[in-house]
Amino acid sequence: METARDVVLDYAMGIVRLLPGQAAVTSAVLQGPPAALLGRIPQLVRGFAGERTDGGALFCAAAGISGGSAGTRKDAGVDDGRGCVLVQSLPALSRETAGSPMASRAGRLTEAADWLHWELAERPELPEGPVAERLAARYALCYAGAAILWLWRAGGADRAEWAYEAVDVVLEALEDPAVGVPDVPAVLDLISG
């Protein structure tokens with residue numbers, strides 16, 4: 001059985017295939033360095049505030065449904081300027097989970113992402129060093145949490161327990177300021193269970 005980390009990475013590759021304009025931001029989230037992601041702060045903040053997303057493509061990526069030939073376009077690696085549609089889908093996804101066993105977790109994850117975007121919006125200049133690493137790691141946690149929520153939504157009962165446990169790990173790291181996450185690979189390693 002694949003680990004949560006493997007499934008999130010597979011899902012990220014599905015997003016890149018279905019939404020080629022997300023290749024640059026997905027790479028920045030998953031591979032770092034923090035400056036590659038945090039250099040996009042205005043774009044990320046605007047995108048999250050506007051909930052710019054593509055729910056149909058995100059569901060297709062989660063369900064493993066082919067996205068056609070989008071990944072073969074010449075502009076496949078070009079940044080589409082929408083920020084990170086996966087993280088930006090959290091508010092809508094949280095609303096959709098209302099009444100389900102995942103609702104509380106989705107709400108907490110959305111709240112953590114909202115708080116992070118407020119923090120990013122308040123920064124007049126690009127952070128550096130440990131502050132940048134922590135911000136980028138928190139963003140990667142939001143990314144991983146959103147990916148798990150989409151996988152749960154597409155997989156339903158087949159992934160229920162696994163998804164609950166994986167989101168709980170993400171939330172613990174996001175909500176506990178004492179948890180020091182040094183870099184993005186360490187974030188993904190948190191969900192290796």
# chains A, B, ... in the order shown; residues from 1 in each chain; ligands from 1
>>> residues_around(residues="Glu133 (chain A)", least_positions_apart="6", cutoff="12 Å", atoms="only C-alpha atoms", output="list in words")
Val29, Gly32, Pro33, Pro34, Ala35, Ala36, Leu37, Leu38, Leu126, Pro127, Tyr139, Ala140, Gly180, Val181, Pro182, Asp183, Val184, Pro185, Ala186 and Val187 of chain A
>>> closest_residue(among="A:Phe59, A:Trp152, A:Trp118, A:Tyr164", to="Ile15 (chain A)", atoms="only C-alpha atoms")
A:Phe59
>>> closest_residue(among="A:Ala62, A:Leu149, A:Leu19, A:Ala137", to="Glu96 (chain A)", atoms="only C-alpha atoms")
A:Leu149
>>> closest_residue(among="A:Leu171, A:Cys60, A:Ala92, A:Cys84", to="Ala28 (chain A)", atoms="only C-alpha atoms")
A:Cys84
>>> residues_around(residues="Ala61 (chain A)", least_positions_apart="4", cutoff="10 Å", atoms="only C-alpha atoms", output="PyMOL selection string")
chain A and resi 10-19+55-57+65-67+147+150-151+154
>>> select_by_dssp(residues="region 14-172 of chain A", states="alpha helix (DSSP H)", output="count of residues only")
107
